[in-house]
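Q: The following block contains the structure, expressed as structure tokens.
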Amino acid sequence: MSTRLFQVWRGDAEQGGLVDYEVEVQEGMVVLDAVHEIQRTQAGDLAVRWNCKAAKCGSCSAEVNGKPRLMCKTRLDELPEGQPVRVEPLRAFPLIRDLVTDVSWNYEVNKLIPPFTPRPGVEWRMGQADVDRITEFRKCIECFLCQDVCHVLRDHDLKSRYFGPRFMVRIAALEMHPLDGLDRTELLAHAGGIGLCNITKCCGDVCPEHIKITDNAIIPLKERVVDRFYDPLPIFGRRLRSAR
Amino acid sequence: MSQYESHDYDVIVIGAGGAGLRAAIEASAQGARTALICKSLLGKAHTVMAEGGIAAAFGNVDEQDNWRTHFQDTLFGGKYLNNWRMAELHAKEAPDRVRELEEWGGVFDRTPDGRMSQRPFGGHTYRRLVHIGDRTGLELIRTLQDKGVHAGLDVFMECTITRLLKDGDRVCGAFGYWRASGEFVVFKAKAVVLATGGIGKCYRITSNSWEYTGDGHALGYDAGAELVDMEFMQFHPTGMIWPPGVIGLLVTEAVRGEGGILRNAEGERFMERYDPKRMELSTRDVVARAIFTEVKEGRGSPRGGVFLDVSHLPAALVKRRLPSMYDQFLNLAGIDITREPMEIWPTTHYAMGGIKVEAETGASRVPGLYAAGECSGGMHGANRLGGNSLSDLLVFGKRTGEGAAHYAASAPAPAVEDDAIEAAAQEMLGYLDGPGEEDPYTLHAELQETMHTLVGIFRERADLAQAVERLEGLAQRAPHVRVSAGGRVYNPGWNQCRDLQNMVVCAQALSRAALLREESRGAHSRLDFPGFDDYWGGHNLLVAKDGDGMKIEPRPVVKVAELEPLVVERRHQEEAALE
């Protein structure tokens with residue numbers, strides 16, 4: 001057993017800073033284990049959000065050495081030795097206390113998305129290939145790391161104009177569901193603000209579920225929006241039809 | 001008087017895992033003004049950890065399957081202590097509840113002709129579990145969550161309920177605090193549904209997260225409800241054993257369902273000696289005991305468990321059918337399960353025991369109080385079959401939401417008493433600035449150690465008596481816990497003070513019932529009483545509050561006359577198989 005230095009952000013929206021903690025580390029330990037150890041032995045009031053500890057619930061999101069990560073999935077032995085481990089809260093969301101942020105905005109956005117609506121009279125059969133395609137999106141654990149790293153939300157704070165990668169993934173799952181009968185293109189183009197995404201792919205890089213957010217969700221959805229609103233040929237066709 | 005905000009609803013549902021969500025959706029659909037209150041963020045409840053699937057006798061893969069066989073399997077798995085009526089409703093209604101999920105956007109793996117596929121699982125006669133890879137629970141909770149946000153109900157996240165409020169005999173609301181601010185809140189309600197899940201945090205090694213502190217069990221008990229089958233705690237046979245930080249983390253039964261093999265250090269497929277017919281897919285109680293015995297008799301793996309191996313299966317199949325297990329072992333343990341065996345050890349997983357409810361409505365014996373899911377009892381008897389919890393929470397979540405809404409429709413307006421609210425507030429404030437000197441983390445560790453060493457997989461009188469005595473001491477000390485630092489804002493130490501009280505109640509009920517049941521049945525194994533006992537085979541143990549004490553009494557199992565032939569048929573089949 002050896003000890004390692006942790007610098008954990010303590011404080012609230014008003015004030016705070018990094019606080020040093022020495023933790024005895026065991027083989028195979030993850031950052032969340034260390035945070036719990038600090039909680040148990042040195043700072044019983046250290047605020048941290050966590051649940052499953054198995055990378056399945058997406059609760060323990062934080063920034064470890066400046067990178068958005070799940071604390072339960074970040075092993076200490078993969079972080080550079082001889083350097084302190086810096087643990088900070090997500091930066092794109094308002095701070096509540098210590099490592100806990102207010103992510104309620106995400107839940108408000110979710111309500112704006114029309115739910116799955118089967119086509120009338122649909123037969124409940126699907127091919128495995130169709131299932132596999134949307135399974136990539138449905139395995140999202142809502143850790144909001146993609147929201148945290150998205151420039152539109154993090155640097156420009158345009159939460160009022162863009163739903164963020166998490167909800168592009170959610171809409172992709174609905175739009176590509178073979179039995180769904182709704183069209184959410186209008187929502188994507190306007191309230192959803194898909195045009196604000198400039199495809200830097202940072203969201204996919206931090207996804208613990210390895211969802212190819214940009215390639216498989218956002219770009220195909222952008223194509224639908226472009227087809228509908230910006231492709232001159234269909235626009236001309238629609239005008240022609242409505243003029244008759 | 002302490003400050004608090006106040007809300008008024010017809011039905012409040014406490015807990016937002018599968019059972020709570022399903023109950024809230026149904027209550028709202030019945031026209032009740034409904035609130036859903038959860039300790040964590042929405043969608044994070046332990047239902048996400050249910051991996052293998054939902055048991056529902058569709059017969060999509062094995063055409064012979066039907067509700068009768070599912071009912072028989074459930075009773076055989078529960079060693080005939082189940083509430084027969086609950087097991088019947090469950091088996092009959094599970095397929096409709098799963099179909100409903102699909103209509104709400106849930107997506108499951110398919111058969112070649114495009115129907116829902118079904119996989120084999122321990123104790124199920126036929127391939128019965130509807131699944132999506134090994135993340136079925138996430139699919140279920142996300143589907144219900146997305147349905148729920150459009151169902152006209154209000155969701156209150158990160159809110160912990162600490163007491164139920166009563167008006168005379170009936171429950172009329174709940175008191176709690178917001179984690180984010182530490183401020184108090186009162187929910188007035190005509191009916192309250194408890195759906196708080198399990199009690200796994202009473203044990204040191206558990207698959208459960210911080211939330212599973214038996215809140216619903218203890219709140220219901222305090223309000224006058226009975227707890228049933230508390231001595232039956234399921235140890236899931238396969239939890240991770242290494243690295244230390246993930247001890248107890250669940251390894252889904254789907255690993256065995258897909259063909260995983262258990263071996264001891266000598267390379268022997270030891271299940272041949274314990275259940276040659278069902279092998280790895282025997283019921284969880286049998287497999288957990290077998291693993292324990294192998295290790296105890298010196299045939300354990302280097303880290304003190306046994307091996308679970310899927311490396312004989314095609315790597316592509318493992319990655320497709322068990323993707324999150326593949327990730328979990330690769331990331332957390334550095335093990336590629338397509339090439340090397342996993343090392344596993346049983347982990348505390350599921351409380352069969354819970355609030356005694358009426359099968360049809362989920363009503364407890366306290367007017368206005370309902371329960372569904374893991375915090376209710378009766379459905380699973382002495383041992384739950386894998387896959388039967390997701391179906392349980394769908395079937396009885398719906399029924400309970402309906403039951404609570406119907407009751408609320410004709411119940412009088414809730415009348416909460418100021419004194420009760422003030423007492424609840426003072427309790428919470430006392431954990432911050434009271435005279436107590438006990439540390440909540442230390443007491444929790446002592447409680448876990450007691451349960452772990454004295455009320456584990458194998459039990460005996462001396463250990464159980466000692467556990468009861470130690471827990472008595474802990475019960476005396478628990479009210480005197482206090483946090484040393486921080487205020488009311490998102491303070492886990494403060495939160496722990498309250499959760500600890502609930503765990504003490506659950507641990508006491510569990511150990512005392514375990515001491516009384518002098519036989520071995522399902523998840524309850526007594527070294528001093530190794531066999532079945534006829535008397536106990538026909539009786540459940542009921543725990544209830546009696547003044548300041550805890551009263552425990554046996555009561556005959558709830559049977560249904562017209563189901564008798566099915567039960568007799570199964571008993572004969574099992575007896576014939578043994579001869």
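Chain labels follow the order of the structure tokens: the first chain is A, the next B, and so on; residue numbering restarts at 1 in every chain, and ligands are counted from 1 in their shown order.
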Please provide the set of residues having any atom within 10 Å of stretch 14-25 of chain A, restricted to only C-alpha atoms, with same-chain residues fewer than 4 positions apart removed, written as a PyMOL selection string.
A: chain A and resi 1-10+29-31+33-35+37-38+41-43+76-77+84-88+95-98
Q: Give the strand (DSSP E or B) residues of stretch 92-231 of chain A, as DSSP finds them on the backbone, and put them as a list of chain:residue names.
A: A:Leu95, A:Ile96, A:Arg97, A:Val100, A:Thr101, A:Pro118, A:Asp180
Q: Do you have, as a Markdown table, the list of residues of chain A lying at most 6 Å from chain B, each with its nearest atom pair and that distance in Å to one decimal, counting only C-alpha atoms and ordered by chain then number?
A:
```
| residue | atom | partner | partner_atom | distance |
| --- | --- | --- | --- | --- |
| A:Gly28 | CA | B:Pro243 | CA | 5.0 |
| A:Met29 | CA | B:Gly245 | CA | 5.6 |
| A:Gly44 | CA | B:Gly493 | CA | 5.2 |
| A:Asp45 | CA | B:Asn491 | CA | 4.9 |
| A:Ala47 | CA | B:Tyr490 | CA | 5.8 |
| A:Asn51 | CA | B:Ser209 | CA | 5.2 |
| A:Cys52 | CA | B:Ser209 | CA | 5.3 |
| A:Cys57 | CA | B:Lys44 | CA | 5.1 |
| A:Phe116 | CA | B:Gly105 | CA | 5.4 |
| A:Arg125 | CA | B:Gly114 | CA | 4.6 |
| A:Met126 | CA | B:Gly114 | CA | 4.7 |
| A:Gly127 | CA | B:Gly114 | CA | 5.2 |
| A:Gln128 | CA | B:Arg110 | CA | 5.4 |
```
Q: Just how far from atom CA of B:Leu393 is atom CA of B:Gly20, in Å to one decimal?
A: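 According to the coordinates, atom CA of B:Gly20 and atom CA of B:Leu393 are separated by 8.2 Å.
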Q: Mind checking which residues fall within 12 Å of B:Gly473, counting only C-alpha atoms, ignoring those fewer than 3 positions away in the same chain, and posting them as JSON, numbers by chain?
A: {"B": [443, 446, 447, 450, 466, 467, 468, 469, 470, 476, 477, 478, 479, 480, 504, 508]}
Q: Any idea what's packed within 7 Å of B:Ala265, counting only C-alpha atoms, ignoring anything in its chain fewer than 6 positions away? Could you give it as a JSON list (two decimals) with C-alpha atoms, in the first residue's frame?
A:
```json
[["chain", "number", "residue", "atom", "x", "y", "z"],
["B", 299, "ARG", "CA", -11.08, -25.46, -3.24],
["B", 300, "GLY", "CA", -11.27, -21.70, -3.70],
["B", 301, "SER", "CA", -9.48, -19.52, -6.24],
["B", 306, "VAL", "CA", -14.39, -19.50, -7.55]]
```
Q: From the options A:Phe144, A:Trp105, A:Phe137, A:Tyr230, which residue's atoms come nearest to A:Met176, counting only C-alpha atoms?
A: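 Result for the nearest residue to A:Met176: A:Phe137.
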Q: Please return, as JSON, numbers by chain, all residues of stretch 78-139 of chain A that DSSP assigns to alpha helix (DSSP H) on the basis of the backbone.
A: {"A": [104, 105, 106, 107, 108, 109, 110, 111, 128, 129, 130, 131, 132, 133, 134, 135, 136, 137, 138]}
Q: Counting only C-alpha atoms, what is within 12 Å of B:Gly397, bar same-chain residues fewer than 5 positions away, as an MDAnalysis selection string?
A: chainID B and resid 13 15:27 90 93:94 97 144 193:196 359:363 370:376 389:392 402:404
Q: Just to be explicit: take each residue in the selection above, keep N, CA and C atoms, and write the result as a tab-separated table (two decimals), in the first residue's frame.
A:
```
chain	number	residue	atom	x	y	z
B	13	VAL	N	-45.59	8.81	-4.32
B	13	VAL	CA	-44.84	7.56	-4.46
B	13	VAL	C	-43.41	7.85	-4.02
B	15	GLY	N	-39.73	6.71	-3.95
B	15	GLY	CA	-38.82	5.79	-4.64
B	15	GLY	C	-39.13	5.78	-6.12
B	16	ALA	N	-38.10	5.95	-6.95
B	16	ALA	CA	-38.33	6.05	-8.39
B	16	ALA	C	-37.51	5.03	-9.17
B	17	GLY	N	-37.43	3.82	-8.62
B	17	GLY	CA	-36.93	2.72	-9.43
B	17	GLY	C	-38.10	2.23	-10.28
B	18	GLY	N	-37.98	1.04	-10.80
B	18	GLY	CA	-39.03	0.53	-11.67
B	18	GLY	C	-40.40	0.50	-11.01
B	19	ALA	N	-40.48	0.02	-9.76
B	19	ALA	CA	-41.78	-0.11	-9.10
B	19	ALA	C	-42.41	1.25	-8.86
B	20	GLY	N	-41.60	2.20	-8.37
B	20	GLY	CA	-42.12	3.53	-8.08
B	20	GLY	C	-42.58	4.24	-9.34
B	21	LEU	N	-41.76	4.16	-10.37
B	21	LEU	CA	-42.13	4.79	-11.64
B	21	LEU	C	-43.42	4.20	-12.19
B	22	ARG	N	-43.48	2.86	-12.16
B	22	ARG	CA	-44.67	2.21	-12.74
B	22	ARG	C	-45.91	2.56	-11.93
B	23	ALA	N	-45.76	2.61	-10.60
B	23	ALA	CA	-46.89	2.95	-9.73
B	23	ALA	C	-47.34	4.39	-9.99
B	24	ALA	N	-46.39	5.31	-10.12
B	24	ALA	CA	-46.73	6.72	-10.32
B	24	ALA	C	-47.41	6.92	-11.66
B	25	ILE	N	-46.91	6.24	-12.69
B	25	ILE	CA	-47.52	6.36	-14.02
B	25	ILE	C	-48.98	5.89	-13.94
B	26	GLU	N	-49.20	4.79	-13.23
B	26	GLU	CA	-50.56	4.24	-13.15
B	26	GLU	C	-51.47	5.13	-12.31
B	27	ALA	N	-50.97	5.60	-11.17
B	27	ALA	CA	-51.80	6.47	-10.32
B	27	ALA	C	-52.22	7.70	-11.10
B	90	HIS	N	-48.60	-12.34	-10.86
B	90	HIS	CA	-47.32	-12.02	-11.48
B	90	HIS	C	-47.12	-12.81	-12.76
B	93	GLU	N	-49.74	-11.76	-15.52
B	93	GLU	CA	-49.76	-10.40	-16.06
B	93	GLU	C	-48.43	-9.89	-16.59
B	94	ALA	N	-47.34	-10.61	-16.29
B	94	ALA	CA	-46.02	-10.14	-16.72
B	94	ALA	C	-45.96	-9.89	-18.24
B	97	ARG	N	-47.47	-6.57	-19.19
B	97	ARG	CA	-46.69	-5.43	-18.70
B	97	ARG	C	-45.45	-5.21	-19.58
B	144	LEU	N	-39.60	3.76	-18.65
B	144	LEU	CA	-40.59	4.27	-17.69
B	144	LEU	C	-40.35	5.76	-17.39
B	193	VAL	N	-47.37	5.52	-1.49
B	193	VAL	CA	-46.83	4.26	-1.99
B	193	VAL	C	-45.34	4.21	-1.67
B	194	LEU	N	-44.93	3.17	-0.96
B	194	LEU	CA	-43.51	2.97	-0.69
B	194	LEU	C	-42.93	2.09	-1.80
B	195	ALA	N	-41.85	2.55	-2.42
B	195	ALA	CA	-41.19	1.77	-3.47
B	195	ALA	C	-39.70	2.07	-3.39
B	196	THR	N	-39.16	1.84	-2.20
B	196	THR	CA	-37.80	2.31	-1.89
B	196	THR	C	-36.72	1.27	-2.11
B	359	ALA	N	-52.35	-8.75	-2.36
B	359	ALA	CA	-51.86	-9.04	-3.71
B	359	ALA	C	-52.48	-8.13	-4.77
B	360	GLU	N	-53.77	-7.92	-4.69
B	360	GLU	CA	-54.49	-7.21	-5.77
B	360	GLU	C	-54.16	-5.73	-5.82
B	361	THR	N	-53.93	-5.11	-4.66
B	361	THR	CA	-53.84	-3.64	-4.61
B	361	THR	C	-52.54	-3.10	-4.05
B	362	GLY	N	-51.72	-3.93	-3.47
B	362	GLY	CA	-50.50	-3.44	-2.82
B	362	GLY	C	-50.75	-2.74	-1.50
B	363	ALA	N	-51.96	-2.86	-0.95
B	363	ALA	CA	-52.29	-2.18	0.30
B	363	ALA	C	-51.65	-2.90	1.49
B	370	TYR	N	-49.31	1.92	0.97
B	370	TYR	CA	-49.12	0.89	-0.05
B	370	TYR	C	-47.64	0.64	-0.25
B	371	ALA	N	-47.32	-0.52	-0.82
B	371	ALA	CA	-45.91	-0.81	-1.10
B	371	ALA	C	-45.79	-1.69	-2.35
B	372	ALA	N	-44.72	-1.47	-3.10
B	372	ALA	CA	-44.48	-2.27	-4.30
B	372	ALA	C	-42.99	-2.45	-4.51
B	373	GLY	N	-42.64	-3.50	-5.25
B	373	GLY	CA	-41.24	-3.76	-5.57
B	373	GLY	C	-40.52	-4.41	-4.40
B	374	GLU	N	-39.19	-4.20	-4.34
B	374	GLU	CA	-38.38	-4.93	-3.36
B	374	GLU	C	-38.79	-4.64	-1.92
B	375	CYS	N	-39.29	-3.44	-1.62
B	375	CYS	CA	-39.64	-3.13	-0.22
B	375	CYS	C	-40.95	-3.78	0.19
B	376	SER	N	-41.66	-4.41	-0.75
B	376	SER	CA	-42.84	-5.19	-0.36
B	376	SER	C	-42.41	-6.65	-0.24
B	389	SER	N	-37.68	-10.09	-10.59
B	389	SER	CA	-37.85	-8.80	-9.91
B	389	SER	C	-38.33	-7.73	-10.88
B	390	LEU	N	-37.80	-7.72	-12.10
B	390	LEU	CA	-38.25	-6.71	-13.06
B	390	LEU	C	-39.73	-6.93	-13.40
B	391	SER	N	-40.13	-8.19	-13.52
B	391	SER	CA	-41.54	-8.45	-13.80
B	391	SER	C	-42.40	-8.12	-12.58
B	392	ASP	N	-41.89	-8.43	-11.39
B	392	ASP	CA	-42.58	-8.10	-10.14
B	392	ASP	C	-42.88	-6.60	-10.08
B	402	GLU	N	-52.65	1.73	-9.08
B	402	GLU	CA	-54.09	1.68	-9.27
B	402	GLU	C	-54.81	1.63	-7.92
B	403	GLY	N	-54.30	0.74	-7.05
B	403	GLY	CA	-54.91	0.58	-5.72
B	403	GLY	C	-54.87	1.88	-4.93
B	404	ALA	N	-53.72	2.55	-4.95
B	404	ALA	CA	-53.57	3.79	-4.19
B	404	ALA	C	-54.46	4.88	-4.76
```
Q: Using only C-alpha atoms, which residue out of A:Ala55, A:Leu240, A:Ala173, A:Ile218 lies closest to A:Cys197?
A: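 Among the listed residues, A:Ile218 lies closest to A:Cys197.
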Q: Can you list, as a JSON list (two decimals) with C-alpha atoms, in the first residue's frame, every protein, DNA or RNA residue that comes within 8 Å of B:Arg555 when you count only C-alpha atoms, leaving out same-chain residues fewer than 5 positions away?
A:
```
[["chain", "number", "residue", "atom", "x", "y", "z"],
["B", 539, "HIS", "CA", -45.55, -20.53, 7.84],
["B", 540, "ASN", "CA", -44.20, -17.06, 7.14],
["B", 541, "LEU", "CA", -42.77, -14.88, 9.89],
["B", 542, "LEU", "CA", -44.43, -11.51, 10.41]]
```
Q: Take atom CA of B:Arg571 and atom CA of B:Glu519 and report the distance between them in Å, one decimal.
A: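 Distance between the two atoms: 18.8 Å.
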Q: Taking only C-alpha atoms into account, which of B:Asp433, B:Val155, B:Val318, B:Leu313 comes nearest A:Tyr107?
A: B:Val155
Q: What is the atom CA of B:Leu385 to atom CA of B:Leu281 distance in Å?
A: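 So the answer is 10.4 Å.
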Q: Can you list, as a list in words, every protein, DNA or RNA residue that comes within 7 Å of B:Met352 when you count only C-alpha atoms, leaving out same-chain residues fewer than 3 positions away?
A: Asp229, Met230, Phe232, Met233, Gln234, Gly377, His380, Gly381, Ala382, Asn383 and Arg384 of chain B
Q: Out of A:Pro120, A:Gly195, A:Pro115, A:Gly237, which residue has the shortest atom-to-atom distance to A:Ile171 when counting only C-alpha atoms?
A: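 Distance minimum relative to A:Ile171 lands on A:Pro115.
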